[in-house]
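Shown next: work13.cif, containing mmCIF, C-alpha atoms and all ligand atoms.
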data_upload
#
loop_
_atom_site.label_atom_id
_atom_site.label_comp_id
_atom_site.auth_asym_id
_atom_site.auth_seq_id
_atom_site.Cartn_x
_atom_site.Cartn_y
_atom_site.Cartn_z
CA MET A 1 11.07 15.86 -25.98
CA PHE A 2 11.79 19.58 -25.49
CA LYS A 3 14.99 20.36 -27.34
CA GLU A 4 16.85 23.56 -26.61
CA GLU A 5 17.07 24.38 -30.33
CA ASN A 6 13.24 24.31 -30.50
CA LEU A 7 12.84 26.88 -27.76
CA ILE A 8 10.93 29.87 -29.19
CA LEU A 9 9.65 31.95 -26.31
CA SER A 10 10.94 31.95 -22.77
CA ALA A 11 9.76 33.75 -19.64
CA LYS A 12 12.38 34.11 -16.91
CA GLN A 13 11.22 35.09 -13.42
CA VAL A 14 8.46 37.23 -14.85
CA THR A 15 6.48 39.24 -12.31
CA LYS A 16 3.45 41.46 -12.80
CA LYS A 17 2.07 43.72 -10.09
CA PHE A 18 -1.10 45.78 -10.41
CA ALA A 19 -1.95 48.74 -8.20
CA ALA A 20 -4.66 47.51 -5.82
CA SER A 21 -5.28 50.50 -3.55
CA LYS A 22 -3.39 53.62 -2.43
CA ASP A 23 -0.24 51.93 -1.22
CA ARG A 24 -0.91 48.27 -1.90
CA SER A 25 -0.26 46.23 -4.99
CA LEU A 26 -1.58 42.90 -6.20
CA VAL A 27 0.98 40.38 -7.47
CA ALA A 28 -0.79 38.69 -10.38
CA CYS A 29 2.33 36.77 -11.51
CA ASP A 30 5.22 36.09 -9.18
CA LYS A 31 8.58 35.15 -10.76
CA VAL A 32 7.05 32.84 -13.36
CA SER A 33 9.49 30.99 -15.64
CA LEU A 34 7.99 29.00 -18.52
CA ASN A 35 9.06 27.96 -22.02
CA PHE A 36 7.25 27.65 -25.34
CA TYR A 37 8.69 25.14 -27.82
CA LYS A 38 8.22 24.83 -31.58
CA GLY A 39 5.28 22.55 -32.42
CA LYS A 40 4.39 21.94 -28.76
CA THR A 41 1.46 23.00 -26.60
CA LEU A 42 1.93 24.49 -23.15
CA GLY A 43 -1.28 24.18 -21.10
CA LEU A 44 -1.84 26.61 -18.24
CA VAL A 45 -4.31 25.66 -15.50
CA GLY A 46 -5.31 27.04 -12.13
CA GLU A 47 -8.28 28.58 -10.41
CA SER A 48 -9.86 31.85 -11.52
CA GLY A 49 -7.70 34.87 -10.71
CA CYS A 50 -4.43 32.95 -10.27
CA GLY A 51 -2.74 34.94 -13.04
CA LYS A 52 -3.01 32.78 -16.18
CA SER A 53 -4.30 35.49 -18.52
CA THR A 54 -1.91 38.08 -17.11
CA PHE A 55 1.02 35.77 -17.82
CA MET A 56 -0.11 35.06 -21.39
CA ARG A 57 -0.85 38.74 -22.00
CA MET A 58 2.76 39.49 -21.09
CA MET A 59 3.89 36.83 -23.58
CA VAL A 60 1.88 38.60 -26.32
CA GLN A 61 3.24 41.96 -25.15
CA LEU A 62 -0.19 43.28 -24.22
CA GLU A 63 1.16 43.85 -20.70
CA LYS A 64 4.66 44.84 -19.61
CA PRO A 65 6.21 42.78 -16.79
CA THR A 66 7.03 44.63 -13.59
CA ALA A 67 10.18 42.51 -13.31
CA GLY A 68 11.81 39.60 -15.11
CA ASN A 69 12.69 38.96 -18.72
CA ILE A 70 11.07 37.60 -21.87
CA PHE A 71 13.25 36.09 -24.60
CA PHE A 72 12.22 35.32 -28.17
CA HIS A 73 14.68 33.02 -29.92
CA GLY A 74 17.16 33.96 -27.20
CA LYS A 75 16.80 37.70 -27.79
CA GLU A 76 15.47 39.86 -24.98
CA VAL A 77 12.13 41.42 -26.02
CA THR A 78 10.87 42.70 -22.67
CA GLU A 79 11.67 46.34 -23.35
CA LEU A 80 10.87 46.54 -27.06
CA ARG A 81 9.19 49.79 -28.11
CA GLY A 82 7.81 51.42 -31.26
CA GLU A 83 8.36 49.74 -34.62
CA ALA A 84 10.51 46.95 -33.13
CA LEU A 85 7.62 46.02 -30.81
CA ARG A 86 5.11 46.23 -33.66
CA GLN A 87 7.16 43.86 -35.79
CA HIS A 88 7.72 41.48 -32.86
CA ARG A 89 3.96 41.31 -32.15
CA ARG A 90 3.42 39.65 -35.52
CA ARG A 91 5.24 36.55 -34.26
CA ILE A 92 2.90 35.91 -31.31
CA GLN A 93 -0.84 36.03 -31.83
CA MET A 94 -3.78 35.53 -29.53
CA VAL A 95 -7.14 33.80 -29.99
CA PHE A 96 -9.70 34.98 -27.45
CA GLN A 97 -12.65 33.31 -25.75
CA ASP A 98 -15.28 35.42 -27.44
CA PRO A 99 -14.14 36.28 -30.96
CA ALA A 100 -17.40 38.07 -31.77
CA SER A 101 -16.71 40.77 -29.21
CA ALA A 102 -13.25 41.32 -30.73
CA PHE A 103 -14.64 41.69 -34.26
CA ASN A 104 -16.13 44.87 -35.65
CA PRO A 105 -19.73 43.79 -36.41
CA LYS A 106 -19.84 46.15 -39.40
CA MET A 107 -16.88 44.49 -41.10
CA LYS A 108 -17.25 41.62 -43.54
CA ILE A 109 -15.46 38.36 -42.76
CA LYS A 110 -12.91 38.98 -45.52
CA ASP A 111 -12.03 42.36 -43.99
CA ILE A 112 -11.74 40.88 -40.50
CA ILE A 113 -9.38 38.15 -41.73
CA CYS A 114 -7.26 40.45 -43.85
CA GLU A 115 -7.11 43.46 -41.51
CA PRO A 116 -3.77 42.45 -39.87
CA LEU A 117 -2.19 41.89 -43.32
CA ILE A 118 -3.40 45.30 -44.54
CA ASN A 119 -2.23 47.01 -41.31
CA TYR A 120 1.24 45.55 -41.80
CA GLY A 121 1.20 46.52 -45.48
CA LEU A 122 1.57 42.87 -46.53
CA ILE A 123 -1.32 42.83 -49.03
CA LYS A 124 -3.27 45.39 -51.06
CA ARG A 125 -7.00 45.90 -50.46
CA ARG A 126 -7.84 44.44 -53.88
CA GLU A 127 -6.22 41.14 -52.85
CA ARG A 128 -8.60 40.66 -49.89
CA ASP A 129 -11.07 38.30 -51.62
CA GLN A 130 -8.43 35.88 -52.78
CA VAL A 131 -6.47 35.94 -49.51
CA ALA A 132 -9.56 35.62 -47.28
CA ARG A 133 -10.74 32.62 -49.29
CA LYS A 134 -7.36 30.94 -48.83
CA TYR A 135 -7.55 31.37 -45.04
CA LEU A 136 -11.19 30.30 -44.86
CA GLN A 137 -10.20 27.05 -46.55
CA MET A 138 -7.27 26.67 -44.17
CA VAL A 139 -9.67 26.72 -41.20
CA GLU A 140 -12.06 24.39 -43.04
CA LEU A 141 -14.79 26.94 -43.73
CA ASP A 142 -16.69 27.62 -46.93
CA PRO A 143 -14.86 30.40 -48.86
CA GLU A 144 -18.30 31.84 -49.66
CA LEU A 145 -18.45 33.10 -46.07
CA ALA A 146 -15.99 35.85 -47.07
CA ASP A 147 -18.81 38.29 -47.83
CA ARG A 148 -20.85 37.61 -44.69
CA TYR A 149 -20.82 39.50 -41.38
CA PRO A 150 -19.84 38.02 -37.96
CA HIS A 151 -23.47 37.84 -36.76
CA ASN A 152 -24.29 35.52 -39.67
CA LEU A 153 -21.90 32.89 -38.28
CA SER A 154 -22.18 30.33 -35.48
CA GLY A 155 -19.91 30.49 -32.40
CA GLY A 156 -17.69 27.72 -33.79
CA GLN A 157 -17.43 29.42 -37.19
CA GLN A 158 -16.56 32.72 -35.49
CA GLN A 159 -13.80 31.01 -33.53
CA ARG A 160 -12.43 29.58 -36.79
CA ILE A 161 -12.39 33.14 -38.16
CA GLY A 162 -10.45 34.19 -35.04
CA ILE A 163 -7.92 31.44 -35.76
CA ALA A 164 -7.73 32.37 -39.46
CA ARG A 165 -7.07 36.00 -38.55
CA ALA A 166 -4.36 34.95 -36.08
CA LEU A 167 -2.73 32.77 -38.76
CA THR A 168 -2.46 35.51 -41.37
CA LEU A 169 0.69 36.98 -39.85
CA GLU A 170 2.32 33.53 -39.80
CA PRO A 171 2.98 33.58 -36.05
CA GLU A 172 5.36 31.17 -34.37
CA VAL A 173 3.28 31.19 -31.18
CA ILE A 174 -0.50 31.29 -30.77
CA ILE A 175 -1.99 31.92 -27.34
CA CYS A 176 -5.48 30.52 -26.86
CA ASP A 177 -7.09 32.10 -23.80
CA GLU A 178 -10.21 30.04 -23.06
CA SER A 179 -10.69 29.90 -26.84
CA THR A 180 -12.94 26.87 -26.71
CA SER A 181 -14.77 27.55 -23.44
CA ALA A 182 -17.81 29.31 -24.90
CA LEU A 183 -18.46 26.49 -27.35
CA ASP A 184 -20.43 23.32 -26.82
CA VAL A 185 -18.55 20.06 -26.53
CA SER A 186 -18.64 18.80 -30.11
CA VAL A 187 -17.70 22.23 -31.53
CA GLN A 188 -14.99 22.55 -28.88
CA LYS A 189 -13.52 19.25 -30.06
CA SER A 190 -13.55 20.32 -33.71
CA ILE A 191 -11.71 23.57 -32.84
CA VAL A 192 -9.12 21.68 -30.77
CA ASP A 193 -8.64 19.24 -33.67
CA LEU A 194 -8.21 22.14 -36.09
CA LEU A 195 -5.61 23.79 -33.86
CA HIS A 196 -3.76 20.49 -33.59
CA LYS A 197 -3.81 19.99 -37.37
CA LEU A 198 -2.53 23.52 -38.01
CA GLN A 199 0.13 23.04 -35.34
CA GLN A 200 1.36 19.88 -37.08
CA GLU A 201 1.44 21.61 -40.47
CA LYS A 202 3.02 24.87 -39.37
CA HIS A 203 4.99 23.79 -36.26
CA ILE A 204 3.34 26.53 -34.23
CA SER A 205 3.84 26.66 -30.48
CA ILE A 206 0.51 26.95 -28.66
CA GLY A 207 -0.20 28.36 -25.20
CA PHE A 208 -3.53 26.96 -24.04
CA ILE A 209 -5.49 28.34 -21.09
CA CYS A 210 -8.56 26.31 -20.24
CA HIS A 211 -10.56 25.45 -17.14
CA ASP A 212 -11.33 21.97 -18.47
CA ILE A 213 -8.32 20.14 -17.02
CA ALA A 214 -9.27 16.93 -18.77
CA LEU A 215 -9.18 18.72 -22.11
CA VAL A 216 -5.90 20.49 -21.29
CA SER A 217 -4.28 17.18 -20.35
CA GLN A 218 -5.31 15.73 -23.72
CA VAL A 219 -4.05 18.57 -25.90
CA SER A 220 -0.93 19.71 -24.04
CA ASP A 221 2.63 18.44 -24.24
CA HIS A 222 3.37 20.11 -20.93
CA ILE A 223 1.08 21.70 -18.36
CA ALA A 224 1.94 24.41 -15.86
CA VAL A 225 -0.21 24.53 -12.74
CA MET A 226 -0.59 28.07 -11.37
CA TYR A 227 -1.60 28.97 -7.85
CA LEU A 228 -1.82 32.55 -6.51
CA GLY A 229 0.49 33.91 -9.18
CA ASN A 230 3.10 31.14 -8.89
CA VAL A 231 3.75 28.13 -11.09
CA VAL A 232 3.70 25.28 -8.58
CA GLU A 233 4.64 22.52 -11.02
CA VAL A 234 5.05 21.68 -14.69
CA LEU A 235 3.79 18.26 -15.76
CA GLU A 236 3.77 16.24 -18.95
CA GLY A 237 0.34 16.48 -20.59
CA LYS A 238 -0.80 12.89 -20.83
CA GLN A 239 1.06 11.82 -17.69
CA MET A 240 -0.39 14.68 -15.68
CA ALA A 241 -2.33 12.52 -13.26
CA GLU A 242 0.61 10.19 -12.57
CA GLN A 243 3.16 12.99 -12.11
CA ILE A 244 1.20 15.33 -9.85
CA CYS A 245 3.07 16.11 -6.62
CA HIS A 246 1.95 19.52 -5.40
CA PRO A 247 -1.04 19.52 -3.02
CA TYR A 248 -2.74 22.28 -5.00
CA SER A 249 -2.54 20.30 -8.27
CA LYS A 250 -3.99 17.31 -6.42
CA THR A 251 -6.87 19.48 -5.23
CA LEU A 252 -7.50 20.56 -8.81
CA MET A 253 -7.60 16.93 -9.94
CA ASP A 254 -9.84 16.02 -6.99
CA SER A 255 -12.34 18.62 -8.11
CA ILE A 256 -12.76 16.63 -11.33
CA PHE A 257 -12.95 13.39 -9.38
CA HIS A 258 -15.74 14.65 -7.16
CA LEU A 259 -17.73 15.78 -10.16
CA GLY A 260 -17.21 12.29 -11.51
CA MET A 261 -18.34 10.67 -8.29
CA ASP A 262 -21.56 12.69 -8.26
CA TYR A 263 -22.17 11.91 -11.85
CA GLY A 264 -21.31 8.22 -11.35
CA LYS A 265 -23.77 8.04 -8.47
CA LYS A 266 -26.50 9.64 -10.54
CA MET A 267 -25.89 7.30 -13.41
CA ALA A 268 -25.39 4.11 -11.38
CA GLY A 269 -29.13 3.58 -11.24
CA LEU A 270 -29.33 3.34 -15.01
CA GLU A 271 -29.36 -0.03 -16.71
CA GLY A 272 -27.66 -0.85 -19.96
CA GLU A 273 -25.96 1.51 -22.31
CA MET A 274 -24.69 5.00 -21.71
CA PRO A 275 -27.23 7.55 -22.97
CA SER A 276 -26.17 9.74 -25.85
CA ALA A 277 -24.90 13.24 -25.06
CA LEU A 278 -28.22 14.68 -26.17
CA GLU A 279 -30.00 12.68 -23.48
CA LEU A 280 -27.69 13.88 -20.72
CA PRO A 281 -29.30 16.40 -18.37
CA PRO A 282 -28.45 20.05 -19.12
CA GLY A 283 -25.54 21.31 -17.03
CA CYS A 284 -24.28 17.79 -16.32
CA PRO A 285 -20.52 17.79 -15.65
CA PHE A 286 -20.05 15.16 -18.33
CA GLN A 287 -21.07 17.63 -20.98
CA SER A 288 -19.65 20.78 -19.61
CA ARG A 289 -16.26 19.66 -18.38
CA CYS A 290 -15.14 16.57 -20.19
CA SER A 291 -15.36 16.54 -23.96
CA VAL A 292 -13.08 13.56 -24.32
CA CYS A 293 -15.25 11.44 -22.04
CA VAL A 294 -18.40 12.37 -23.86
CA GLU A 295 -16.91 11.40 -27.17
CA LYS A 296 -15.56 8.14 -25.76
CA CYS A 297 -18.94 7.34 -24.29
CA GLN A 298 -20.71 8.13 -27.53
CA THR A 299 -18.47 5.88 -29.57
CA GLU A 300 -17.69 3.08 -27.09
CA LYS A 301 -20.97 3.10 -25.14
CA PRO A 302 -19.48 1.56 -21.97
CA ASP A 303 -21.64 -0.14 -19.37
CA LEU A 304 -21.83 2.36 -16.52
CA LYS A 305 -22.59 -0.29 -13.94
CA LYS A 306 -19.34 -2.08 -14.72
CA LEU A 307 -17.37 1.15 -14.60
CA GLY A 308 -19.02 2.18 -11.34
CA GLU A 309 -18.63 5.46 -9.53
CA GLY A 310 -16.03 7.91 -10.70
CA HIS A 311 -16.30 6.76 -14.30
CA TYR A 312 -15.96 10.33 -15.46
CA VAL A 313 -12.44 10.61 -14.16
CA ALA A 314 -11.54 6.95 -14.52
CA CYS A 315 -12.05 6.83 -18.26
CA HIS A 316 -9.27 9.20 -19.17
CA ALA A 317 -8.28 12.00 -16.84
CA VAL A 318 -6.58 9.85 -14.24
CA ARG A 319 -5.40 7.01 -16.42
CA GLY A 320 -4.34 9.36 -19.21
CA ALA A 321 -6.02 6.97 -21.65
N1 LIG B 401 -5.45 45.35 -15.49
C1 LIG B 401 -5.57 44.92 -14.22
N2 LIG B 401 -5.57 45.78 -13.18
C2 LIG B 401 -5.67 45.35 -11.92
N3 LIG B 401 -5.73 44.04 -11.57
C3 LIG B 401 -5.74 43.13 -12.56
C4 LIG B 401 -5.66 43.51 -13.94
N4 LIG B 401 -5.66 42.39 -14.70
C5 LIG B 401 -5.75 41.36 -13.83
N5 LIG B 401 -5.80 41.79 -12.57
C6 LIG B 401 -5.86 40.96 -11.36
O1 LIG B 401 -4.79 40.04 -11.42
C7 LIG B 401 -5.20 38.77 -10.92
C8 LIG B 401 -4.98 37.73 -11.97
O2 LIG B 401 -5.91 37.94 -13.03
P1 LIG B 401 -5.92 37.04 -14.33
O3 LIG B 401 -6.99 37.55 -15.24
O4 LIG B 401 -4.56 36.94 -14.87
O5 LIG B 401 -6.34 35.60 -13.72
P2 LIG B 401 -6.79 34.28 -14.47
O6 LIG B 401 -6.11 33.16 -13.78
O7 LIG B 401 -6.58 34.41 -15.94
O8 LIG B 401 -8.34 34.26 -14.13
P3 LIG B 401 -9.57 33.67 -14.99
O9 LIG B 401 -9.33 32.18 -15.07
O10 LIG B 401 -10.78 34.03 -14.19
O11 LIG B 401 -9.54 34.33 -16.34
C9 LIG B 401 -6.66 38.92 -10.51
O12 LIG B 401 -6.73 39.17 -9.13
C10 LIG B 401 -7.13 40.13 -11.30
O13 LIG B 401 -8.16 40.80 -10.63
#

What's the structure tokens form of this structure?
Ligand SMILES: Nc1ncnc2c1ncn2[C@@H]1O[C@H](COP(=O)(O)OP(=O)(O)OP(=O)(O)O)[C@@H](O)[C@H]1O
Amino acid sequence: MFKEENLILSAKQVTKKFAASKDRSLVACDKVSLNFYKGKTLGLVGESGCGKSTFMRMMVQLEKPTAGNIFFHGKEVTELRGEALRQHRRRIQMVFQDPASAFNPKMKIKDIICEPLINYGLIKRRERDQVARKYLQMVELDPELADRYPHNLSGGQQQRIGIARALTLEPEVIICDESTSALDVSVQKSIVDLLHKLQQEKHISIGFICHDIALVSQVSDHIAVMYLGNVVEVLEGKQMAEQICHPYSKTLMDSIFHLGMDYGKKMAGLEGEMPSALELPPGCPFQSRCSVCVEKCQTEKPDLKKLGEGHYVACHAVRGA
């Protein structure tokens, strides 16, 4: 599945330490080795503060490792500086959780999309309209949005702009750091579908950080579980539940299961069909943590009584359905 010739980006024993106090340091990443392959998605999961963003930021060269090596197509890029670093950065782009905060609110959408191309001298200012329209279409938005400002757009539309902007430099790797977390479930799904479609078309490697383990297991070809700065295991996406060995990964999966149990208990008193997502109580784990389940339930309308407790996890996360 992961051929050596498709290896794009590779971290070898990468460590990052931050100064914590006068003579103490915090090890955010401890000898992490992970690979990114052409056309494949690497999911990264683990509790808050375990080092996921720090690792990905090193892959994008926004942070320098304290130790270890990063290879891009087999060439060491850890110590790149100046123009060589600038040119390398084009190849690996990042899509953030909150695109609006990364955009200049005074810039029109066409300027936001085309800014990287202009900075790299790849297009002239007069070409912006035409180029922005092309990228808006690529991310399935109306080209007429080119003359609007970020605040005129919904969260999902803004995230599509973030993806369009990342695509302009034709990267080989895109890192999505909680890129779908601020969006509601149906919008989240449409963004994940868009990323998947673009990945198929352009053979991009995607690094995907997300707290929704069910969603990560659906979109990832391989998943690294991080714990206190270490990668404790790497699992195949859809077989995640079956392959889990490490006690920490099991605890992560259990946390989904318990949410499911609570939800199952709540719902067990209901007769008949599953309510639509709109009828689910606000803050319910079904909506906030498991987009795939919600969609399945909306389309298949399973009988909750038959499924019983733990339906939330049973319907896809554990079985990998
Ligand atoms: N620039 C920094 N200076 C000092 N400490 C930092 C810095 N960046 C991250 N850290 C620390 O490194 C550790 C890992 O942080 P990181 O953001 O990588 O975790 P994370 O797994 O992505 O968390 P979350 O899921 O909450 O985003 C944390 O303890 C954090 O406080």

So which residues are near ligand LIG 401 (chain B), meaning at most 10 Å away with only C-alpha atoms and all ligand atoms counted, given back as a VMD selection string?
chain A and resid 16 to 21 25 to 29 44 to 58 63 97 177 to 178 209 to 211 226 to 229

Can you work out which one of A:Leu62, A:Ile213, A:Cys245, A:Ala102 has the shortest atom-to-atom distance to Arg86 (chain A), counting only C-alpha atoms?
A:Leu62

One residue among A:Ala11, A:Met94, A:Ala100, A:Leu153 is nearest to Glu76 (chain A) when using all atoms listed in the file, and that residue is A:Ala11

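With only C-alpha atoms as the atoms that count, the residue of A:Glu242, A:Glu170, A:Asp98, A:Asp254 with the shortest distance to Gly156 (chain A) is A:Asp98.
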
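Picture a line from CA of Lys189 (chain A) to CA of Gln243 (chain A); it runs 25.3 Å.
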
Within 12 Å of (-0.9, 25.2, -36.8), in the coordinates the file gives, what residues turn up when you count all atoms listed in the file, written out as a ChimeraX atom specification?
/A:38-41,93,138-139,163-164,166-168,170-175,191-206

Separation of CA of Ile118 (chain A) and CA of Gly162 (chain A), in Å?
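Between CA of Ile118 (chain A) and CA of Gly162 (chain A) the gap works out to 16.2 Å.
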
Residues near Val77 (chain A), cut-off 10 Å, all atoms listed in the file, skip fewer than 4 positions along chain, as a list in words:
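Returned residues: Leu9, Met59, Gln61, Asn69, Ile70, Phe71, Phe72, His73, Arg81, Ala84, Leu85 and His88 of chain A.
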
Ranking A:Arg90, A:Lys31, A:Arg128, A:Lys106 by minimum distance to Val232 (chain A) and counting all atoms listed in the file, which one comes first?
A:Lys31

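Contact shell of Lys108 (chain A) at 9 Å (all atoms listed in the file; same-chain neighbours under 5 positions omitted): A:Ile113, A:Leu145, A:Ala146, A:Asp147, A:Arg148, A:Tyr149, A:Pro150.
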
Test item: which residues lie within 7 Å of (-12.5, 36.7, -44.9) counting all atoms listed in the file, as a PyMOL selection string:
chain A and resi 108-114+132-133+136+146

Can you tell me how far CA of Asp30 (chain A) sits from CA of Leu252 (chain A), in Å to one decimal?
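Those two atoms sit 20.1 Å apart.
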